[in-house]
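Undergrad: Got a structure here, written out as structure tokens. Questions coming.
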Amino acid sequence: MSSSETQVRDADYWSCQMEAVSRRRDRDSFLRIYDHYAPRVRLYLKGIGSPEAVAEELAQEALLRLWQRAALYDPARSNLSTWLFRIARNLHIDRVRHEPCWMELENEPEWPDIDGGFSSAESHAEQADLQNRIELLPTIQARLIRMSYFEARSHQEIADQLGIPLGTVKSSLRRAFMRLQLGVRGQV
């Protein structure tokens with residue numbers, strides 16, 4: 001069985017477990033989801049900057065929200081993992097924003113406005129430079145960068161949409177970042 005077939009089978013399995021939680025408030029199905037995803041969510045949260053204790057707390061909160069909002073899950077829109085990791089990411093962002101030491105920078109970079117104009121010559125030059133460097137990437141790497149960072153898609157969503165393994169998405173993005181950091185010089 002290929003890895004994409006295994007991923008589809010796994011996605012179907014977790015969708016069925018989630019459906020049992022949603023329709024029947026099935027505790028056994030929830031515990032299977034919890035046992036499988038809690039360590040993964042905790043590691044993800046640590047990877048994006050949460051300290052160990054906070055990552056543990058946020059992982060439990062994410063799974064609690066999964067239980068509370070089970071009826072909102074739509075398997076046609078995303079895999080369970082995508083939905084759960086998005087909940088965890090949003091909890092992490094909310095926590096960071098509410099920390100007393102967090103504040104917006106007065107000199108934060110200026111972003112393009114909705115019309116595509118730029119508020120300063122510097123930000124326009126930086127944006128143009130980034131776009132040029134992305135254009136110099138191999139086609140698939142450029143597409144992955146756009147999907148991940150400009151369209152805010154998760155790695156799993158990209159893998160599903162393009163029909164490629166998740167590991168390939170992650171390694172290709174890593175290589176693309178290395179090329180961008182090097183100014184697209186050299187082979188990576």
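By order in the structure tokens, chains are A, B, ...; within a chain, residues start at 1; ligands start at 1, following the order shown.
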Write out as a PDB file with N, CA and C atoms, in the first residue's frame each polymer residue whose atoms come within 7 Å of stretch 77-85 of chain A, counting only C-alpha atoms; drop sequence neighbours fewer than 3 positions from it.

TA:
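Written file, around.pdb:
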ATOM      1  N   ALA A  11      -6.876   9.108   7.380  1.00  0.00           N
ATOM      2  CA  ALA A  11      -7.785  10.257   7.427  1.00  0.00           C
ATOM      3  C   ALA A  11      -9.229   9.781   7.559  1.00  0.00           C
ATOM      4  N   TRP A  14      -9.805   8.528  11.178  1.00  0.00           N
ATOM      5  CA  TRP A  14      -9.968   9.601  12.161  1.00  0.00           C
ATOM      6  C   TRP A  14     -11.260  10.370  11.929  1.00  0.00           C
ATOM      7  N   SER A  15     -11.692  10.477  10.685  1.00  0.00           N
ATOM      8  CA  SER A  15     -12.990  11.121  10.410  1.00  0.00           C
ATOM      9  C   SER A  15     -14.122  10.311  11.024  1.00  0.00           C
ATOM     10  N   VAL A  41       0.292  17.149  19.072  1.00  0.00           N
ATOM     11  CA  VAL A  41      -0.061  18.559  19.224  1.00  0.00           C
ATOM     12  C   VAL A  41       0.916  19.237  20.189  1.00  0.00           C
ATOM     13  N   ALA A  62      -6.754  22.355  23.330  1.00  0.00           N
ATOM     14  CA  ALA A  62      -7.143  22.094  21.936  1.00  0.00           C
ATOM     15  C   ALA A  62      -8.033  20.856  21.846  1.00  0.00           C
ATOM     16  N   LEU A  66     -11.903  20.422  20.758  1.00  0.00           N
ATOM     17  CA  LEU A  66     -12.339  19.412  19.790  1.00  0.00           C
ATOM     18  C   LEU A  66     -13.591  18.720  20.320  1.00  0.00           C
ATOM     19  N   ASP A  74     -16.142  19.363   9.858  1.00  0.00           N
ATOM     20  CA  ASP A  74     -16.646  18.942   8.554  1.00  0.00           C
ATOM     21  C   ASP A  74     -15.527  18.220   7.812  1.00  0.00           C
ATOM     22  N   ALA A  88      -5.033  24.338  17.747  1.00  0.00           N
ATOM     23  CA  ALA A  88      -3.856  24.482  18.616  1.00  0.00           C
ATOM     24  C   ALA A  88      -3.061  25.734  18.260  1.00  0.00           C
ATOM     25  N   ARG A  89      -2.850  25.969  16.964  1.00  0.00           N
ATOM     26  CA  ARG A  89      -2.103  27.156  16.546  1.00  0.00           C
ATOM     27  C   ARG A  89      -2.820  28.430  16.987  1.00  0.00           C
ATOM     28  N   GLN A 156      -0.130  19.813   5.590  1.00  0.00           N
ATOM     29  CA  GLN A 156      -1.027  18.717   5.229  1.00  0.00           C
ATOM     30  C   GLN A 156      -2.005  19.149   4.139  1.00  0.00           C
TER      31      GLN A 156
END

Undergrad: Measure the distance from atom CA of A:Glu157 to atom CA of A:Arg97 in Å and round it to one decimal.

TA: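 About the pair atom CA of A:Glu157 and atom CA of A:Arg97: they are 25.8 Å apart.
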
Undergrad: Quote the spacing between atom CA of A:Ile48 and atom CA of A:Val96 in Å to one decimal place.

TA: 11.1 Å

Undergrad: Quick check, in Å to one decimal: how far apart do atom CA of A:Arg27 and atom CA of A:Arg9 lie?

TA: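 Atom-to-atom, atom CA of A:Arg27 and atom CA of A:Arg9 are spaced 21.9 Å apart.
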
Undergrad: Have a look at A:Gln68, A:Gln17, A:Gln181, A:Asn132 and name the one nearest to A:Ser29; count only C-alpha atoms.

TA: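 Of the candidates, the smallest distance to A:Ser29 is held by A:Gln17.
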
Undergrad: Might you pull out every residue within 8 Å of stretch 139-148 of chain A, with only C-alpha atoms counted and same-chain residues fewer than 6 positions away left off, and present them as a compact mmCIF listing (two decimals) with N, CA and C atoms, in the first residue's frame?

TA:
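Result went into result20.txt, see below:
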# COMPACT_ATOMS: atom_id res chain seq x y z
N SER A 154 -1.78 24.81 5.63
CA SER A 154 -0.93 23.92 6.42
C SER A 154 -0.18 22.99 5.48
N HIS A 155 0.88 22.38 5.98
CA HIS A 155 1.64 21.44 5.16
C HIS A 155 0.74 20.29 4.71
N ILE A 158 -1.50 21.36 1.85
CA ILE A 158 -0.74 21.43 0.61
C ILE A 158 -0.54 20.04 0.04
N VAL A 169 6.52 17.64 0.99
CA VAL A 169 6.17 19.05 1.16
C VAL A 169 7.12 19.70 2.15
N SER A 172 10.77 19.92 0.78
CA SER A 172 10.84 20.90 -0.31
C SER A 172 10.77 22.32 0.23
N LEU A 173 9.91 22.55 1.21
CA LEU A 173 9.83 23.88 1.83
C LEU A 173 11.13 24.23 2.54
N ARG A 175 14.14 23.17 1.78
CA ARG A 175 15.12 23.51 0.74
C ARG A 175 14.84 24.89 0.15
N ALA A 176 13.57 25.19 -0.05
CA ALA A 176 13.21 26.50 -0.61
C ALA A 176 13.65 27.63 0.32
